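Peer 1: One structure, pasted below without further comment.
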Amino acid sequence: MRPRLISTRSVWPLLLIGAALRLVNLHAPLLGVHSWRQADTAAIARNAFEAGLPLWLPQVDWGGASSGFAETDPPLYSQAVAWLYGWFGVQEWLARGLSLVLSLLALWLLVRLGQRLLGADAGWWGGLLFAVLPLSVFYGRSIQPESLLLACSALALERGLAWRHGGHYRDLALASGGLTGAVLIKVLPALWLGLPLLWLAWLRHGPGLLRRLELWLVAAVVVGVTGAWYWHAHQLFLQTGLSFGFWGAGANRYSWSELIGPSYWGNLLLRTSVRGLAVLGLPLLVIGLLNKQLKAEARLLPIGLVSVLAAGALAPESSGVHEYYQLPLLLFACPLMGLGWVQLWQQAGHLSRRWLTGAMALLLGCSLVVLNLEYWAKEVPEGNPTWELAQRIRNETPQQARIISVSGGDPTLLYLAHRKGWLKGPGAITESWLKERQDEGATHIAGSWEVIQSYAPFPDNGAKARLRQLLGPQASHGPNYVVTLPLQNDAPGSQQ
C-alpha cells in the first residue's frame, strides 16, 4: 500500500493558511490594484451608512450636482459592509474582513465539491491551492463583491451536486439561491455557472429535464429577479446619468474585434498563468484535465473552465483589462489541479517525490512573490501621490466641499479624501466647463501633476501645459494642487 499523501483531511489547516494570507495588509488604505473598483464599492457602503440609504439606492461619490444614485449591480456586499459600519463605525478593515470570511466560506465549499467529485485527497489539495494562489488571496480580502460572488457560486455548485444525488428540494433551493446571487452580482455567471448546473440537471433527468417544473421555476426566479434589478438600475441612470457602464456605446465592454489575433488570448494566458496559477499550477491543471477516469459529474469542471473563458469573450474589453473576470476559473481549476498533483504523487517513486515536494514548495513561493510584487507592495501609502493628495484635500477643505477630481474616471481620490464631486480628465477641462460646475456647487479643483488616475502617470504633454496655464499660480508649486473656485487667474491665454 502506498503511503498516505496527507496525514489528515481536515479542512481547518486550509482555512488557517487561507486566513493568514488574507490578513496581510488588512488595515491598508484603498490603494493599489483595482482601487478604482474598490473605491466605488467602499463609497456605496459608506454612503449607505452615513445617509441611511436602502439597498435599491446605491450612491457613488462622483455624482456631481445630482443625487449620486447610479446604475450598478445590486450592492449586496456594500449593504452588508454598511451594516457592519453601523455596529463598529467606518473602518475599511471591516470590509476586508467580510471578504475574508466569504472567501473562506468559498474555500470550504470548494473542498467539499472537490472531494465529492474527485476524491478526498484531490479535493484537499485543490483547497490548499485555492487558499494560496495570488488571485484567490487578493480578491479574498479586497473591498469588492468578488468574494461574495465566489461564495455564491461555490454554494450553487456544491448544493447542485448534492441535489443531483439526493433530489432534495432543499438542496435545489440553496443551489438556486447561490446561482441567483451570482448572476445578480455579475450577470455572466448565467453562462459559466448555469452550464455546469445544467450538466448536473441533465445527469439527473436526461432529456426529461425540460419537463421538470421545478427547473423552469429556478430559471424564472433567476431571470426575473435579475431582470427586475437591472431595469430598476437603468431607471436610476435615466434620472442621474450615472452608470457603471453596462449598456450603450459608452460601455466599452463589447469590442469583439479584440478576439481576433493572439494579443487578447496571449495576455489572458500569461496573466492567468502567473497571477491565477502561480506558473507551476498550469501543468497540474493540464494533468488533471487529461485524466481519462473523470466521472461524468466531474466533467462539470472542464465545462466550467470553458464557460468562464466564453463568458469573458462576450465582454473582451472588460475581461482583457480586469483580471477578476478570470477569478471564477479557480473554482473549476483548483480541484483539477489537486487531481493532477495526486496523480503525479501516486505515480512517482521515492526520489521523485522529493522533487515533487520541492516543486510544491516552489509553487507556494511563487505565489508569495507574485502577491508581494503585484499586490501588497502597491498598497503602501507612503510616497503614493494619490494618498498624499487625499490627505491634503482632507486638511485644506471642509467636509461639505464639492471637489472636481482631475483623475479621469478614477474615484479613488474622492473616496480617500471623503469628499463628493466630479471626475474629469485633464484634457477636457476648460474655463467654461469649470464655470458650469461652479454654478452647480463645485468649490475646489484638485489633482496631481504626477499621476492622472491612481495608477497612470501624467505625461508632460499639451494637456498638462494647458491645465497649468488655466489654473495659474495657485497650482504651480508642488506635486499636486488644491485650488479654490472661482479661479483667481488673469494670465494671458487662460480663457478657453
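Ordering of the C-alpha cells sets the chain letters (A, B, ...), residue numbers begin anew at 1 in every chain, and ligands are numbered from 1 in the order given.
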Pick out the residues sitting within 10 Å of stretch 20-25 of chain A, and hand them over as a ChimeraX atom specification; count only C-alpha atoms, and ignore anything fewer than 4 positions along from it in its own chain.
Peer 2: /A:14-16,29,93,96-97,99-101,103-104,131-134,136-142,368,371-372,375-377,379-380
Peer 1: Can you write just those residues out, N, CA, C and O atoms, as a compact mmCIF listing (two decimals), in the first residue's frame?
Peer 2:
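Writing the result to again_13.txt gives the following:
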```txt
# COMPACT_ATOMS: atom_id res chain seq x y z
N LEU A 14 -6.34 24.27 6.01
CA LEU A 14 -6.53 25.09 4.81
C LEU A 14 -7.14 26.43 5.17
O LEU A 14 -6.74 27.48 4.64
N LEU A 15 -8.13 26.42 6.06
CA LEU A 15 -8.76 27.67 6.47
C LEU A 15 -7.77 28.57 7.20
O LEU A 15 -7.77 29.79 7.01
N LEU A 16 -6.92 27.98 8.03
CA LEU A 16 -5.93 28.79 8.76
C LEU A 16 -4.89 29.39 7.82
O LEU A 16 -4.52 30.56 7.95
N PRO A 29 -4.93 51.19 3.42
CA PRO A 29 -5.91 52.08 2.78
C PRO A 29 -6.24 51.59 1.38
O PRO A 29 -5.58 50.69 0.85
N TRP A 93 -11.10 47.93 7.35
CA TRP A 93 -10.71 46.56 7.67
C TRP A 93 -11.94 45.68 7.89
O TRP A 93 -11.86 44.46 7.70
N ARG A 96 -12.76 44.44 4.44
CA ARG A 96 -11.80 43.40 4.07
C ARG A 96 -12.06 42.12 4.88
O ARG A 96 -11.93 41.00 4.37
N GLY A 97 -12.41 42.29 6.15
CA GLY A 97 -12.71 41.13 6.98
C GLY A 97 -13.91 40.35 6.47
O GLY A 97 -13.93 39.12 6.50
N SER A 99 -14.86 40.21 3.33
CA SER A 99 -14.37 39.49 2.15
C SER A 99 -13.61 38.24 2.55
O SER A 99 -13.74 37.18 1.93
N LEU A 100 -12.80 38.36 3.60
CA LEU A 100 -12.02 37.21 4.07
C LEU A 100 -12.95 36.07 4.49
O LEU A 100 -12.74 34.91 4.11
N VAL A 101 -13.98 36.39 5.27
CA VAL A 101 -14.90 35.34 5.73
C VAL A 101 -15.61 34.69 4.54
O VAL A 101 -15.74 33.45 4.49
N SER A 103 -14.52 34.50 1.49
CA SER A 103 -13.53 33.72 0.74
C SER A 103 -13.28 32.37 1.40
O SER A 103 -13.16 31.34 0.73
N LEU A 104 -13.21 32.36 2.73
CA LEU A 104 -13.02 31.10 3.43
C LEU A 104 -14.24 30.20 3.32
O LEU A 104 -14.12 28.97 3.25
N ALA A 131 -6.43 28.25 -1.42
CA ALA A 131 -6.07 29.06 -0.26
C ALA A 131 -4.89 29.96 -0.52
O ALA A 131 -4.79 31.04 0.08
N VAL A 132 -3.97 29.55 -1.43
CA VAL A 132 -2.69 30.27 -1.54
C VAL A 132 -2.46 30.96 -2.88
O VAL A 132 -1.54 31.78 -2.98
N LEU A 133 -3.23 30.65 -3.91
CA LEU A 133 -2.96 31.25 -5.22
C LEU A 133 -3.23 32.76 -5.21
O LEU A 133 -4.15 33.22 -4.54
N PRO A 134 -2.44 33.55 -5.93
CA PRO A 134 -2.50 35.01 -5.81
C PRO A 134 -3.87 35.62 -6.03
O PRO A 134 -4.32 36.45 -5.23
N SER A 136 -6.83 34.35 -5.77
CA SER A 136 -7.74 33.97 -4.71
C SER A 136 -7.44 34.74 -3.43
O SER A 136 -8.36 35.20 -2.75
N VAL A 137 -6.17 34.90 -3.09
CA VAL A 137 -5.79 35.61 -1.87
C VAL A 137 -6.17 37.08 -1.96
O VAL A 137 -6.81 37.64 -1.06
N PHE A 138 -5.78 37.73 -3.06
CA PHE A 138 -6.02 39.17 -3.16
C PHE A 138 -7.51 39.49 -3.16
O PHE A 138 -7.97 40.35 -2.39
N TYR A 139 -8.27 38.81 -4.01
CA TYR A 139 -9.70 39.12 -4.08
C TYR A 139 -10.48 38.50 -2.93
O TYR A 139 -11.67 38.78 -2.77
N GLY A 140 -9.78 37.71 -2.11
CA GLY A 140 -10.38 37.20 -0.90
C GLY A 140 -10.27 38.17 0.26
O GLY A 140 -10.68 37.83 1.37
N ARG A 141 -9.68 39.37 0.03
CA ARG A 141 -9.68 40.41 1.06
C ARG A 141 -9.72 41.81 0.46
O ARG A 141 -9.46 42.80 1.14
N SER A 142 -10.03 41.92 -0.82
CA SER A 142 -10.23 43.24 -1.42
C SER A 142 -11.65 43.71 -1.14
O SER A 142 -12.55 42.91 -0.83
N LEU A 368 3.67 33.64 -3.24
CA LEU A 368 4.01 34.72 -2.30
C LEU A 368 4.75 35.86 -3.00
O LEU A 368 4.51 37.04 -2.70
N LEU A 371 2.20 37.81 -5.02
CA LEU A 371 1.36 38.59 -4.11
C LEU A 371 2.10 39.83 -3.63
O LEU A 371 1.52 40.93 -3.58
N ASN A 372 3.36 39.67 -3.28
CA ASN A 372 4.11 40.81 -2.75
C ASN A 372 4.38 41.85 -3.81
O ASN A 372 4.15 43.06 -3.60
N TYR A 375 0.68 42.97 -5.71
CA TYR A 375 -0.46 43.41 -4.93
C TYR A 375 -0.08 44.14 -3.65
O TYR A 375 -0.34 45.33 -3.48
N TRP A 376 0.55 43.42 -2.70
CA TRP A 376 0.76 44.00 -1.38
C TRP A 376 1.63 45.25 -1.42
O TRP A 376 1.32 46.24 -0.75
N ALA A 377 2.71 45.24 -2.21
CA ALA A 377 3.62 46.39 -2.24
C ALA A 377 2.94 47.64 -2.76
O ALA A 377 3.34 48.77 -2.42
N GLU A 379 0.00 48.64 -2.07
CA GLU A 379 -0.96 49.17 -1.11
C GLU A 379 -0.32 50.03 -0.03
O GLU A 379 -1.00 50.51 0.87
N VAL A 380 0.98 50.25 -0.13
CA VAL A 380 1.70 51.05 0.86
C VAL A 380 1.42 52.53 0.60
O VAL A 380 1.64 53.03 -0.51
```
Peer 1: Please identify all polymer residues within 12 Å of A:Gly86, counting only C-alpha atoms, omitting same-chain residues fewer than 6 positions from it, and present them as JSON, numbers by chain.
Peer 2: {"A": [45, 46, 47, 48, 49, 50, 51, 52, 79, 80, 94]}
Peer 1: For each of A:Leu113, A:Leu336, A:Leu485, A:Leu289, take the minimum atom-to-atom distance to A:Glu440, counting only C-alpha atoms, then give the residue where this is smallest.
Peer 2: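 Counting only C-alpha atoms, the residue closest to A:Glu440 is A:Leu485.
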Peer 1: Residues of stretch 118-276 of chain A classed as alpha helix (DSSP H) by DSSP on the backbone are to be reported as a ChimeraX atom specification.
Peer 2: /A:118,120-132,134-139,146-166,169-186,189-192,194-205,213-240,262-271
Peer 1: Could you jot down the atom CA of A:Lys295 to atom CA of A:Gly114 separation for me, Å, one decimal place?
Peer 2: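 Taking atom CA of A:Lys295 as the start and atom CA of A:Gly114 as the end point, the length is 12.1 Å.
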Peer 1: Using only C-alpha atoms, which residues sit within 12 Å of A:Leu362 once same-chain residues fewer than 4 positions away are excluded, as number ranges by chain?
Peer 2: A: 278-281, 355-358, 366-369
Peer 1: Grab the residues selected above and save them as an mmCIF file, in the first residue's frame with C-alpha atoms.
Peer 2:
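Contents of again-v6.cif, freshly written:
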```cif
data_model
loop_
_atom_site.group_PDB
_atom_site.id
_atom_site.type_symbol
_atom_site.label_atom_id
_atom_site.label_comp_id
_atom_site.auth_asym_id
_atom_site.auth_seq_id
_atom_site.Cartn_x
_atom_site.Cartn_y
_atom_site.Cartn_z
ATOM 1 C CA ALA A 278 1.428 30.880 -9.887
ATOM 2 C CA VAL A 279 3.063 29.446 -13.047
ATOM 3 C CA LEU A 280 3.582 25.901 -11.747
ATOM 4 C CA GLY A 281 -0.128 25.374 -11.332
ATOM 5 C CA TRP A 355 11.360 16.680 -6.327
ATOM 6 C CA LEU A 356 7.582 16.966 -6.249
ATOM 7 C CA THR A 357 7.700 18.267 -2.691
ATOM 8 C CA GLY A 358 10.210 20.868 -3.791
ATOM 9 C CA CYS A 366 5.952 31.831 -6.480
ATOM 10 C CA SER A 367 2.515 32.695 -5.150
ATOM 11 C CA LEU A 368 4.008 34.720 -2.302
ATOM 12 C CA VAL A 369 6.370 36.542 -4.660
#
```
Peer 1: Identify, on the basis of only C-alpha atoms, every residue whose closest approach to stretch 31-44 of chain A does not exceed 9 Å; exclude the query and any residue fewer than 3 positions from it along the same chain; express the result as an NGL selection string.
Peer 2: :A and (28 or 47-49 or 58-61 or 75 or 77-79 or 81-82 or 92 or 95 or 142-145 or 322 or 374-381 or 384 or 386-387 or 409-416 or 418 or 453-455)
Peer 1: Name all residues at most 10 Å from A:Leu434 (count only C-alpha atoms; drop same-chain ones fewer than 3 positions away) and give them as a list in words.
Peer 2: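 Once the adjacent positions are removed, what remains is Ile404, Ile429, Thr430, Glu431, Arg437, Gln438, Asp439, Glu440, Ala442, His444, Ile445, Leu485, Pro486 and Leu487 of chain A.
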Peer 1: Please return as a ChimeraX atom specification: the residues of stretch 164-409 of chain A that backbone DSSP assigns to strand (DSSP E or B).
Peer 2: /A:243,402-406
Peer 1: With C-alpha atoms retained, export the selected residues as a compact mmCIF listing (two decimals), in the first residue's frame.
Peer 2:
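To be explicit, this is the file written out as part_26.txt:
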```txt
# COMPACT_ATOMS: atom_id res chain seq x y z
CA SER A 243 -23.67 54.30 -14.60
CA ARG A 402 -17.52 69.68 -3.62
CA ILE A 403 -14.35 68.67 -5.43
CA ILE A 404 -13.55 68.40 -9.11
CA SER A 405 -11.14 65.47 -9.11
CA VAL A 406 -8.78 65.64 -12.09
```
Peer 1: Enumerate, in order of chain and increasing residue number, the residues of stretch 123-229 of chain A with an atom no farther than 7 Å from stretch 296-319 of chain A, each with its shortest atom pair and distance in Å to one decimal, counting only C-alpha atoms, as JSON lines.
Peer 2:
```
{"residue": "A:Leu188", "atom": "CA", "partner": "A:Ala311", "partner_atom": "CA", "distance": 6.0}
{"residue": "A:Leu191", "atom": "CA", "partner": "A:Ser307", "partner_atom": "CA", "distance": 6.4}
{"residue": "A:Trp192", "atom": "CA", "partner": "A:Ser307", "partner_atom": "CA", "distance": 4.4}
{"residue": "A:Leu193", "atom": "CA", "partner": "A:Gly304", "partner_atom": "CA", "distance": 6.8}
{"residue": "A:Pro196", "atom": "CA", "partner": "A:Leu300", "partner_atom": "CA", "distance": 4.9}
{"residue": "A:Trp199", "atom": "CA", "partner": "A:Leu300", "partner_atom": "CA", "distance": 6.6}
{"residue": "A:Leu200", "atom": "CA", "partner": "A:Glu297", "partner_atom": "CA", "distance": 6.6}
```
Peer 1: What does the file look like for those residues with N, CA, C and O atoms, as a PDB file, in the first residue's frame?
Peer 2:
```pdb
ATOM      1  N   LEU A 188     -22.737  37.532 -15.958  1.00  0.00           N
ATOM      2  CA  LEU A 188     -22.045  36.498 -16.728  1.00  0.00           C
ATOM      3  C   LEU A 188     -22.086  35.107 -16.087  1.00  0.00           C
ATOM      4  O   LEU A 188     -21.983  34.106 -16.804  1.00  0.00           O
ATOM      5  N   LEU A 191     -23.927  32.171 -17.608  1.00  0.00           N
ATOM      6  CA  LEU A 191     -23.295  31.247 -18.548  1.00  0.00           C
ATOM      7  C   LEU A 191     -22.349  30.292 -17.841  1.00  0.00           C
ATOM      8  O   LEU A 191     -22.511  29.073 -17.918  1.00  0.00           O
ATOM      9  N   TRP A 192     -21.348  30.859 -17.129  1.00  0.00           N
ATOM     10  CA  TRP A 192     -20.299  29.976 -16.615  1.00  0.00           C
ATOM     11  C   TRP A 192     -20.713  29.190 -15.371  1.00  0.00           C
ATOM     12  O   TRP A 192     -20.047  28.230 -14.999  1.00  0.00           O
ATOM     13  N   LEU A 193     -21.782  29.575 -14.718  1.00  0.00           N
ATOM     14  CA  LEU A 193     -22.326  28.784 -13.628  1.00  0.00           C
ATOM     15  C   LEU A 193     -23.559  28.011 -14.086  1.00  0.00           C
ATOM     16  O   LEU A 193     -23.800  26.881 -13.646  1.00  0.00           O
ATOM     17  N   PRO A 196     -22.576  24.459 -16.063  1.00  0.00           N
ATOM     18  CA  PRO A 196     -22.259  23.308 -15.209  1.00  0.00           C
ATOM     19  C   PRO A 196     -23.473  22.799 -14.430  1.00  0.00           C
ATOM     20  O   PRO A 196     -23.640  21.579 -14.268  1.00  0.00           O
ATOM     21  N   TRP A 199     -25.579  20.805 -16.692  1.00  0.00           N
ATOM     22  CA  TRP A 199     -24.996  19.479 -16.885  1.00  0.00           C
ATOM     23  C   TRP A 199     -25.423  18.527 -15.758  1.00  0.00           C
ATOM     24  O   TRP A 199     -25.772  17.372 -16.002  1.00  0.00           O
ATOM     25  N   LEU A 200     -25.425  19.030 -14.525  1.00  0.00           N
ATOM     26  CA  LEU A 200     -25.882  18.206 -13.407  1.00  0.00           C
ATOM     27  C   LEU A 200     -27.356  17.854 -13.546  1.00  0.00           C
ATOM     28  O   LEU A 200     -27.767  16.722 -13.243  1.00  0.00           O
TER      29      LEU A 200
END
```
Peer 1: If you count only C-alpha atoms, which residues fall within 12 Å of A:Trp12, apart from same-chain ones fewer than 3 positions away, as an mmCIF file with C-alpha atoms, in the first residue's frame?
Peer 2:
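After the write, out-v4.cif holds the following:
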```cif
data_model
loop_
_atom_site.group_PDB
_atom_site.id
_atom_site.type_symbol
_atom_site.label_atom_id
_atom_site.label_comp_id
_atom_site.auth_asym_id
_atom_site.auth_seq_id
_atom_site.Cartn_x
_atom_site.Cartn_y
_atom_site.Cartn_z
ATOM 1 C CA THR A 8 -5.333 14.362 7.757
ATOM 2 C CA ARG A 9 -8.116 15.551 5.515
ATOM 3 C CA LEU A 15 -8.759 27.670 6.474
ATOM 4 C CA LEU A 16 -5.933 28.785 8.760
ATOM 5 C CA ILE A 17 -3.457 29.108 5.878
ATOM 6 C CA GLY A 18 -6.019 30.966 3.787
ATOM 7 C CA ALA A 19 -6.887 33.306 6.640
ATOM 8 C CA LEU A 104 -13.018 31.099 3.432
ATOM 9 C CA LEU A 105 -16.641 30.014 3.020
ATOM 10 C CA LEU A 107 -12.824 27.564 0.185
ATOM 11 C CA TRP A 108 -14.756 25.228 2.489
ATOM 12 C CA VAL A 111 -13.108 21.425 -0.772
ATOM 13 C CA TRP A 124 -7.987 18.678 -0.106
ATOM 14 C CA GLY A 127 -8.464 23.541 -1.444
ATOM 15 C CA LEU A 128 -4.859 24.219 -0.478
ATOM 16 C CA ALA A 131 -6.075 29.058 -0.262
#
```
Peer 1: Rounded to one decimal in Å, what is the spacing between atom CA of A:Trp345 and atom CA of A:Val11?
Peer 2: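 Distance between the two atoms: 20.3 Å.
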Peer 1: Taking only C-alpha atoms into account, name the residue in A:Pro457, A:Gly383, A:Gly177, A:Gly447 that is nearest to A:Val483.
Peer 2: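 Looking at the shortest contact to A:Val483, the residue is A:Gly447.
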Peer 1: When distances are computed from only C-alpha atoms, which of A:Ala175, A:Leu284, A:Leu161, A:Ala154 shows the smallest separation from A:Leu102?
Peer 2: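 Ranking A:Ala175, A:Leu284, A:Leu161, A:Ala154 by distance to A:Leu102, first place goes to A:Ala154.
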Peer 1: For each of A:Gln346, A:Thr484, A:Ser176, A:Gln115, take the minimum atom-to-atom distance to A:Ala401, counting only C-alpha atoms, then give the residue where this is smallest.
Peer 2: A:Thr484
